[in-house]
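A.B. asks: What follows is run.txt; its format and atoms are compact mmCIF, C-alpha atoms.
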# COMPACT_ATOMS: atom_id res chain seq x y z
CA MET A 1 -16.82 -7.98 37.38
CA THR A 2 -14.83 -4.80 37.03
CA GLU A 3 -11.49 -6.53 37.59
CA GLY A 4 -9.27 -8.01 34.90
CA PRO A 5 -8.23 -6.77 31.47
CA TRP A 6 -10.47 -4.16 29.86
CA TRP A 7 -11.95 -6.46 27.24
CA ARG A 8 -13.23 -8.78 29.97
CA THR A 9 -15.15 -6.02 31.74
CA PRO A 10 -18.84 -5.26 31.03
CA ALA A 11 -17.88 -1.66 30.13
CA GLY A 12 -15.32 -2.87 27.58
CA ARG A 13 -17.79 -5.24 25.93
CA GLU A 14 -20.50 -2.61 25.87
CA GLY A 15 -18.07 -0.14 24.35
CA LEU A 16 -17.15 -2.52 21.53
CA ALA A 17 -20.82 -3.26 20.86
CA VAL A 18 -21.74 0.42 20.76
CA GLY A 19 -18.78 1.04 18.50
CA LEU A 20 -20.57 -0.97 15.82
CA VAL A 21 -23.18 1.81 15.73
CA GLY A 22 -20.49 3.65 13.77
CA LEU A 23 -21.45 1.58 10.73
CA TYR A 24 -23.86 4.35 9.82
CA GLY A 25 -20.81 6.30 8.77
CA VAL A 26 -21.66 4.76 5.39
CA SER A 27 -24.65 7.10 5.19
CA ALA A 28 -22.55 10.07 6.35
CA GLY A 29 -19.99 9.45 3.61
CA ALA A 30 -22.60 9.04 0.90
CA LEU A 31 -24.50 12.15 2.04
CA GLY A 32 -21.32 14.20 2.24
CA VAL A 33 -20.39 13.68 -1.39
CA ALA A 34 -24.06 13.92 -2.44
CA ALA A 35 -24.09 17.38 -0.81
CA GLY A 36 -21.22 18.46 -3.03
CA LEU A 37 -18.24 17.92 -0.73
CA SER A 38 -15.21 16.13 -2.14
CA VAL A 39 -14.16 12.79 -0.67
CA ALA A 40 -11.32 14.64 1.11
CA GLN A 41 -13.66 17.23 2.61
CA THR A 42 -16.09 14.53 3.69
CA MET A 43 -13.28 12.56 5.33
CA LEU A 44 -11.92 15.66 7.04
CA THR A 45 -15.29 16.29 8.70
CA SER A 46 -15.53 12.65 9.81
CA LEU A 47 -12.00 12.66 11.23
CA LEU A 48 -11.97 16.11 12.82
CA LEU A 49 -15.58 17.17 13.38
CA PHE A 50 -16.40 13.60 14.46
CA SER A 51 -19.97 14.08 15.62
CA GLY A 52 -22.64 12.38 13.51
CA GLY A 53 -25.48 14.85 14.05
CA SER A 54 -23.31 17.88 13.29
CA GLN A 55 -21.94 16.23 10.15
CA PHE A 56 -25.41 15.43 8.84
CA ALA A 57 -26.48 19.01 9.60
CA PHE A 58 -23.46 20.46 7.79
CA TYR A 59 -23.98 18.22 4.72
CA GLY A 60 -27.72 18.92 4.78
CA VAL A 61 -27.46 22.71 4.69
CA ILE A 62 -24.66 22.67 2.10
CA GLY A 63 -26.54 20.11 0.00
CA THR A 64 -29.69 22.22 -0.25
CA GLY A 65 -27.60 25.11 -1.57
CA GLY A 66 -27.45 26.82 1.79
CA ASN A 67 -25.04 29.52 2.88
CA PRO A 68 -21.78 27.90 4.17
CA LEU A 69 -21.90 30.24 7.16
CA ALA A 70 -25.38 28.95 8.05
CA ALA A 71 -24.07 25.40 7.67
CA VAL A 72 -21.19 26.11 10.07
CA ALA A 73 -23.54 27.80 12.56
CA THR A 74 -26.10 24.98 12.51
CA ALA A 75 -23.50 22.23 12.91
CA SER A 76 -21.69 24.15 15.67
CA LEU A 77 -24.84 24.87 17.66
CA LEU A 78 -25.77 21.21 17.37
CA GLY A 79 -22.34 20.36 18.79
CA LEU A 80 -22.77 22.52 21.90
CA ARG A 81 -24.12 19.52 23.80
CA ASN A 82 -20.71 17.85 23.49
CA GLY A 83 -19.33 20.66 25.67
CA PHE A 84 -21.80 19.69 28.35
CA TYR A 85 -20.85 16.07 28.08
CA GLY A 86 -17.26 17.13 28.74
CA LEU A 87 -18.33 18.97 31.85
CA GLN A 88 -20.05 15.87 33.23
CA LEU A 89 -17.21 13.59 32.17
CA SER A 90 -14.31 15.69 33.45
CA ARG A 91 -15.18 14.68 37.03
CA VAL A 92 -15.37 10.97 36.20
CA LEU A 93 -12.50 10.68 33.73
CA ALA A 94 -10.23 13.42 35.12
CA PRO A 95 -7.97 13.28 32.04
CA SER A 96 -4.39 14.47 32.49
CA GLY A 97 -3.02 17.33 30.38
CA ARG A 98 -1.73 15.22 27.52
CA LEU A 99 -4.78 12.99 27.38
CA ARG A 100 -7.20 15.91 27.49
CA PRO A 101 -7.29 16.77 23.74
CA VAL A 102 -7.85 13.11 22.81
CA THR A 103 -10.52 12.75 25.47
CA ALA A 104 -12.24 15.93 24.25
CA HIS A 105 -12.16 14.71 20.65
CA LEU A 106 -13.82 11.40 21.60
CA THR A 107 -16.55 13.16 23.58
CA ILE A 108 -19.78 12.38 21.70
CA ASP A 109 -23.27 11.00 22.44
CA GLU A 110 -22.31 7.33 22.49
CA SER A 111 -19.06 7.46 24.49
CA THR A 112 -20.71 9.73 27.06
CA ALA A 113 -23.74 7.47 27.44
CA VAL A 114 -21.60 4.35 27.99
CA ALA A 115 -19.23 6.13 30.42
CA LEU A 116 -22.01 7.58 32.57
CA ALA A 117 -23.87 4.25 32.71
CA GLN A 118 -21.00 2.48 34.56
CA GLU A 119 -20.96 2.03 38.31
CA THR A 120 -17.23 2.33 38.96
CA ARG A 121 -14.72 4.95 37.91
CA ARG A 122 -12.59 2.31 36.19
CA GLY A 123 -15.68 1.08 34.35
CA SER A 124 -16.48 4.59 33.20
CA ARG A 125 -12.97 5.15 31.92
CA ILE A 126 -12.88 1.84 30.07
CA GLY A 127 -16.37 2.42 28.71
CA PHE A 128 -15.54 5.90 27.47
CA TYR A 129 -12.28 5.16 25.71
CA VAL A 130 -13.28 1.78 24.27
CA THR A 131 -16.52 3.24 22.87
CA GLY A 132 -14.77 6.37 21.61
CA VAL A 133 -11.87 4.61 19.88
CA ALA A 134 -14.04 1.80 18.46
CA LEU A 135 -16.52 4.34 17.08
CA PHE A 136 -13.75 6.51 15.67
CA VAL A 137 -12.26 3.59 13.75
CA VAL A 138 -15.57 2.17 12.50
CA TRP A 139 -17.04 5.61 11.73
CA ASN A 140 -14.12 6.82 9.64
CA THR A 141 -13.67 3.54 7.79
CA THR A 142 -17.34 3.38 6.83
CA THR A 143 -17.43 7.10 5.96
CA LEU A 144 -14.66 6.49 3.45
CA LEU A 145 -16.54 3.52 1.97
CA GLY A 146 -19.76 5.58 1.79
CA ALA A 147 -18.00 8.55 0.20
CA LEU A 148 -16.32 6.37 -2.45
CA ALA A 149 -19.58 4.51 -3.17
CA GLY A 150 -21.47 7.82 -3.31
CA THR A 151 -19.02 9.23 -5.83
CA ALA A 152 -19.49 6.20 -8.07
CA MET A 153 -23.29 6.27 -7.87
CA GLY A 154 -24.20 9.36 -9.87
CA ASP A 155 -27.47 11.19 -9.12
CA PRO A 156 -28.00 10.79 -5.35
CA ARG A 157 -31.74 11.48 -5.64
CA ALA A 158 -32.30 8.33 -7.68
CA TYR A 159 -31.11 6.36 -4.65
CA GLY A 160 -33.21 8.38 -2.21
CA LEU A 161 -30.15 9.82 -0.49
CA ASP A 162 -31.86 13.18 0.09
CA ALA A 163 -34.61 11.31 1.94
CA ALA A 164 -31.96 9.41 3.88
CA ALA A 165 -30.74 12.73 5.30
CA ALA A 166 -34.23 13.64 6.47
CA ALA A 167 -34.70 10.16 7.93
CA ALA A 168 -31.39 10.48 9.78
CA PHE A 169 -32.61 13.64 11.51
CA VAL A 170 -35.89 11.98 12.49
CA ALA A 171 -33.98 9.00 13.90
CA LEU A 172 -31.60 11.29 15.81
CA VAL A 173 -34.36 13.40 17.39
CA TRP A 174 -36.69 10.45 18.13
CA PRO A 175 -35.03 9.14 21.34
CA ARG A 176 -34.81 12.73 22.59
CA LEU A 177 -38.60 12.98 22.31
CA PHE A 178 -39.85 9.49 23.07
CA GLY A 179 -36.86 7.62 24.53
CA ARG A 180 -36.45 6.18 28.00
CA GLY A 181 -37.38 8.73 30.64
CA GLU A 182 -38.61 11.21 28.03
CA ASP A 183 -42.25 10.08 27.76
CA GLY A 184 -44.69 12.69 28.93
CA ARG A 185 -42.10 15.46 29.19
CA THR A 186 -43.59 18.45 27.41
CA GLY A 187 -40.37 20.43 26.97
CA PRO A 188 -38.73 18.48 24.13
CA VAL A 189 -42.01 17.79 22.28
CA ALA A 190 -43.11 21.44 22.51
CA THR A 191 -39.67 22.54 21.34
CA ALA A 192 -39.77 20.19 18.35
CA ALA A 193 -43.25 21.34 17.32
CA LEU A 194 -42.39 25.02 17.63
CA ALA A 195 -39.09 24.59 15.81
CA MET A 196 -40.77 22.89 12.85
CA LEU A 197 -43.47 25.57 12.70
CA LEU A 198 -40.95 28.43 12.83
CA THR A 199 -38.85 26.77 10.11
CA LEU A 200 -41.87 26.36 7.80
CA VAL A 201 -42.91 29.98 8.30
CA ALA A 202 -39.40 31.43 7.92
CA ALA A 203 -38.19 29.32 4.97
CA PRO A 204 -39.78 31.28 2.07
CA PHE A 205 -38.36 34.57 3.39
CA THR A 206 -34.85 33.66 4.56
CA PRO A 207 -31.67 32.65 2.68
CA THR A 208 -31.41 28.84 2.49
CA GLY A 209 -30.03 27.43 5.72
CA VAL A 210 -31.00 30.39 7.88
CA GLU A 211 -34.51 29.00 8.49
CA VAL A 212 -32.89 26.26 10.60
CA LEU A 213 -31.39 28.93 12.87
CA VAL A 214 -34.81 30.60 13.14
CA GLY A 215 -36.23 27.22 14.18
CA ALA A 216 -33.47 26.87 16.79
CA THR A 217 -34.86 29.83 18.73
CA ALA A 218 -37.66 27.47 19.82
CA ALA A 219 -35.16 26.10 22.36
CA LEU A 220 -34.82 29.54 23.94
CA VAL A 221 -38.57 30.17 23.92
CA VAL A 222 -39.39 26.84 25.58
CA GLY A 223 -36.23 26.51 27.70
CA LEU A 224 -36.62 29.86 29.37
CA ARG A 225 -40.26 29.16 30.19
CA VAL A 226 -40.39 25.53 31.31
CA ARG A 227 -39.15 24.86 34.82
CA ARG A 228 -36.56 22.12 34.98
CA ALA A 229 -37.79 18.78 36.28
CA PRO A 230 -35.73 17.25 39.13
CA GLY A 231 -32.78 15.23 37.91
CA GLU A 232 -32.97 16.50 34.36
CA GLY A 233 -29.71 17.71 32.91
CA ALA A 234 -27.87 18.43 29.69
CA ARG A 235 -27.72 15.46 27.34
CA MET B 1 -12.63 27.67 -1.62
CA THR B 2 -15.48 28.93 0.54
CA LEU B 3 -16.45 25.32 1.14
CA TRP B 4 -12.92 24.48 2.31
CA LEU B 5 -13.04 27.42 4.74
CA ALA B 6 -16.40 26.22 6.05
CA VAL B 7 -15.07 22.67 6.48
CA VAL B 8 -12.04 23.88 8.44
CA ALA B 9 -14.13 26.30 10.52
CA VAL B 10 -16.73 23.71 11.46
CA CYS B 11 -14.02 21.20 12.47
CA VAL B 12 -12.14 23.72 14.63
CA LEU B 13 -15.32 24.96 16.33
CA ALA B 14 -16.45 21.40 17.06
CA PHE B 15 -13.15 20.54 18.73
CA LEU B 16 -13.02 23.76 20.76
CA THR B 17 -16.58 23.12 21.98
CA LYS B 18 -15.63 19.64 23.15
CA LEU B 19 -12.43 20.88 24.78
CA ALA B 20 -14.28 23.72 26.53
CA GLY B 21 -16.27 21.15 28.50
CA TYR B 22 -13.02 20.07 30.18
CA LEU B 23 -11.58 23.58 30.65
CA VAL B 24 -14.36 26.10 31.24
CA PRO B 25 -15.25 26.70 34.91
CA GLU B 26 -18.27 24.65 35.93
CA ARG B 27 -20.14 27.59 37.31
CA PHE B 28 -20.77 29.03 33.86
CA LEU B 29 -21.94 25.82 32.23
CA GLU B 30 -24.04 24.96 35.25
CA LEU B 31 -26.21 28.04 35.07
CA PRO B 32 -29.70 26.48 35.27
CA TRP B 33 -31.01 28.16 32.12
CA VAL B 34 -27.98 27.12 30.08
CA ALA B 35 -28.33 23.52 31.21
CA ARG B 36 -32.00 23.65 30.25
CA VAL B 37 -31.63 25.31 26.84
CA VAL B 38 -28.74 23.23 25.42
CA PRO B 39 -30.54 19.84 25.29
CA LEU B 40 -33.57 21.62 23.83
CA LEU B 41 -31.31 23.31 21.28
CA THR B 42 -30.34 19.85 20.02
CA VAL B 43 -34.02 18.92 19.70
CA ALA B 44 -34.93 22.22 17.97
CA LEU B 45 -32.11 22.02 15.40
CA LEU B 46 -32.78 18.39 14.52
CA SER B 47 -36.52 19.09 14.18
CA SER B 48 -35.89 22.10 11.93
CA LEU B 49 -33.58 19.99 9.78
CA VAL B 50 -36.34 17.39 9.36
CA ILE B 51 -38.47 20.15 7.79
CA THR B 52 -35.76 21.57 5.52
CA GLN B 53 -34.60 18.13 4.35
CA GLY B 54 -38.01 16.52 4.08
CA PHE B 55 -40.66 19.08 3.29
CA LEU B 56 -39.20 22.14 1.52
CA ASP B 57 -38.60 22.68 -2.18
CA THR B 58 -35.66 24.69 -3.53
CA ASP B 59 -37.56 27.97 -3.02
CA GLY B 60 -38.19 27.18 0.63
CA LEU B 61 -41.87 26.48 -0.01
CA PRO B 62 -43.58 23.52 1.68
CA THR B 63 -44.01 20.50 -0.57
CA LEU B 64 -45.01 16.85 -0.29
CA ASP B 65 -43.02 14.46 -2.48
CA ALA B 66 -41.17 11.13 -2.29
CA ARG B 67 -39.23 12.39 0.74
CA ALA B 68 -42.46 12.74 2.77
CA VAL B 69 -43.38 9.13 1.99
CA ALA B 70 -39.87 8.10 3.03
CA LEU B 71 -40.24 9.99 6.32
CA GLY B 72 -43.54 8.20 6.95
CA ALA B 73 -41.64 4.95 6.56
CA ALA B 74 -38.93 6.22 8.93
CA VAL B 75 -41.47 7.00 11.67
CA LEU B 76 -43.09 3.60 11.23
CA LEU B 77 -39.71 1.89 11.55
CA LEU B 78 -38.83 3.94 14.65
CA LEU B 79 -42.13 2.90 16.24
CA LEU B 80 -41.08 -0.70 15.54
CA ARG B 81 -37.77 0.08 17.29
CA ALA B 82 -35.67 -0.54 14.18
CA PRO B 83 -31.96 0.36 14.52
CA PHE B 84 -30.67 3.65 13.09
CA LEU B 85 -29.01 2.20 10.01
CA VAL B 86 -32.12 0.20 9.07
CA VAL B 87 -34.30 3.31 9.40
CA VAL B 88 -32.02 5.39 7.18
CA ALA B 89 -31.48 2.67 4.55
CA LEU B 90 -35.14 1.68 4.20
CA SER B 91 -36.22 5.34 4.03
CA ALA B 92 -33.80 5.94 1.19
CA ALA B 93 -35.08 2.82 -0.56
CA THR B 94 -38.67 4.02 -0.11
CA ALA B 95 -37.92 7.38 -1.73
CA ALA B 96 -36.04 5.70 -4.56
CA LEU B 97 -38.96 3.31 -5.24
CA VAL B 98 -41.57 6.09 -5.13
CA ARG B 99 -39.53 8.04 -7.69
CA LEU B 100 -39.08 4.97 -9.85
CA TRP B 101 -42.83 4.32 -9.97
CA SER B 102 -44.05 7.92 -10.35
With the file now loaded, output its structure as structure tokens.

C.D. replies:
Amino acid sequence: MTEGPWWRTPAGREGLAVGLVGLYGVSAGALGVAAGLSVAQTMLTSLLLFSGGSQFAFYGVIGTGGNPLAAVATASLLGLRNGFYGLQLSRVLAPSGRLRPVTAHLTIDESTAVALAQETRRGSRIGFYVTGVALFVVWNTTTLLGALAGTAMGDPRAYGLDAAAAAAFVALVWPRLFGRGEDGRTGPVATAALAMLLTLVAAPFTPTGVEVLVGATAALVVGLRVRRAPGEGAR
Amino acid sequence: MTLWLAVVAVCVLAFLTKLAGYLVPERFLELPWVARVVPLLTVALLSSLVITQGFLDTDGLPTLDARAVALGAAVLLLLLRAPFLVVVALSAATAALVRLWS
């Protein structure tokens, strides 16, 4: 069933369903203003940065009083994976010159996952753009709602918003450790453990925010040692 | 002002990273060690952020407070396969309740 208008195809339906995941933009908006960003700054990151994990990282480091440079570095390093998604997708989507910037902007975890799960090229294209556009609309609408609600709420700690940021990171890393096809792979789990240890050890001695970058070196330590399993690639 | 600069910088860098995937020659991005390190980099950064957001006080010293209880709730919910938004919302509620009662 890959014929017919896009909304009748499995890829189109899947894309719309995944787009609803963007509802958690509410938490991004609330965390952004809780971290000390204005509503405009929060919205700008949702519209232009448009990558949930990087946004949470940026808000998190800024919110704990971290160096803005460390916040930019952490969020940007976290976004490197999107570059790899583009590499995988450029063969499937083959966007023309004019479509390329839009395609690049929509290249995130969810749109990539839906696109690469389709069996036909048309399915992949439909899946990618439907997911990307649906998420973009839902994500930015809910970020605005969250940012406005967050501004009206007062002390974010009373609502547990600082804990929500921590929980968001746990929920984002979880499928990368224990998700489908990840069980029993030592690389990610070893990396996570080492990163947390390095961060704990470095934190008292480094400017706020820099301890995250120290923890990030765990990826180099483990990645340059562990031999790649067959079929494993950038995600 | 510094914050505005940081916001603009992080947005520009994010877009250039995404665009690079469609423009940079494959042979660089397909170096085996690069392909191995990048997914692990995501894991390492997210794990570090769990520590800084959940277990450090303002001096960077380890501490256990309402956030740790909230993270316990988050892990429990993830084990029960709860969706992302439910995990985040109930963790926040847990921290808020712990603070209310303590």

A.B. asks: Tell me, as a list in words, which residues lie within 8 Å of range 82-95 of chain B, counting all atoms listed in the file; anything in the same chain fewer than 6 positions away does not count.

C.D. replies: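 Close residues of range 82-95 of chain B: Leu23, Tyr24, Ser27, Tyr159, Gly160, Leu161, Asp162, Ala163, Ala164, Ala165, Ala167, Ala168 and Ala171 of chain A; Ala66, Arg67, Val69, Ala70, Leu71, Ala73 and Ala74 of chain B.
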
A.B. asks: In Å, how far is it from CA of Asp59 in chain B to CA of Asn67 in chain A?

C.D. replies: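 CA of Asn67 in chain A lies 13.9 Å from CA of Asp59 in chain B.
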
A.B. asks: Any idea which chain A residues end up within 6 Å of chain B if we count all atoms listed in the file, as JSON, numbers by chain please?

C.D. replies: {"A": [24, 48, 49, 68, 72, 78, 82, 83, 84, 86, 87, 90, 104, 158, 159, 160, 161, 163, 164, 166, 167, 168, 169, 173, 191, 192, 195, 196, 199, 203, 204, 212, 215, 216, 219, 223, 234, 235]}

A.B. asks: Between CA of Gln88 in chain A and CA of Ala75 in chain A, what is the spacing in Å?

C.D. replies: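 Here the two named atoms are 21.6 Å from each other.
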
A.B. asks: Counting all atoms listed in the file, which residue out of A:Ala35, A:Met43, A:Val92, A:Thr120 sits closest to Gly63 in chain A?

C.D. replies: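 Ranking A:Ala35, A:Met43, A:Val92, A:Thr120 by distance to Gly63 in chain A, first place goes to A:Ala35.
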
A.B. asks: CA of Gly53 in chain A and CA of Leu172 in chain A are how many Å apart?

C.D. replies: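 Here the two named atoms are 7.3 Å from each other.
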
A.B. asks: Which residues, written as a list in words, have at least one atom at most 10 Å from Trp6 in chain A, with only C-alpha atoms counted and residues fewer than 2 positions away on the same chain left out?

C.D. replies: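 Answer for this query is Thr2, Glu3, Gly4, Arg8, Thr9, Pro10, Ala11, Gly12, Arg13, Arg122, Gly123, Arg125, Ile126, Gly127 and Val130 of chain A.
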
A.B. asks: Output as AutoDock Vina command-line options the centre and edge lengths (Å, one decimal) of the box along x, y and z of the file that holds every listed atom of range 196-204 of chain A after adding 3 Å on each side.

C.D. replies:
--center_x -40.8 --center_y 27.2 --center_z 7.5 --size_x 11.3 --size_y 14.5 --size_z 16.8

A.B. asks: Out of A:Ala202, A:Leu148, A:Pro207, A:Val170, which residue has the shortest atom-to-atom distance to Ser38 in chain A when counting all atoms listed in the file?

C.D. replies: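 Using all atoms listed in the file, the shortest distance to Ser38 in chain A belongs to A:Leu148.
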
A.B. asks: Tell me which protein, DNA and RNA residues are within 8 Å of Leu106 in chain A, counting only C-alpha atoms, leaving out same-chain ones fewer than 2 positions away, and put them as a tab-separated table (two decimals) with C-alpha atoms, in the coordinates of the input.

C.D. replies:
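Output file out.tsv is given in full below:
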chain	number	residue	atom	x	y	z
A	50	PHE	CA	-16.40	13.60	14.46
A	102	VAL	CA	-7.85	13.11	22.81
A	103	THR	CA	-10.52	12.75	25.47
A	104	ALA	CA	-12.24	15.93	24.25
A	108	ILE	CA	-19.78	12.38	21.70
A	111	SER	CA	-19.06	7.46	24.49
A	129	TYR	CA	-12.28	5.16	25.71
A	132	GLY	CA	-14.77	6.37	21.61
A	133	VAL	CA	-11.87	4.61	19.88
A	136	PHE	CA	-13.75	6.51	15.67

A.B. asks: Could you check the closest approach to Leu47 in chain A for each of A:Thr112, A:Thr142, A:Thr186, A:Thr217 and tell me which residue wins, using only C-alpha atoms?

C.D. replies: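 That would be A:Thr142, the residue with the smallest distance to Leu47 in chain A.
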
A.B. asks: Taking 2 positions as the minimum chain separation for residues in the same chain, which residues sit within 12 Å of Leu37 in chain A when counting all atoms listed in the file? Answer as an NGL selection string.

C.D. replies: (:A and (28-35 or 39-45 or 55 or 58-63 or 65 or 68 or 147-148 or 150-151)) or (:B and (1-4 or 6-7))
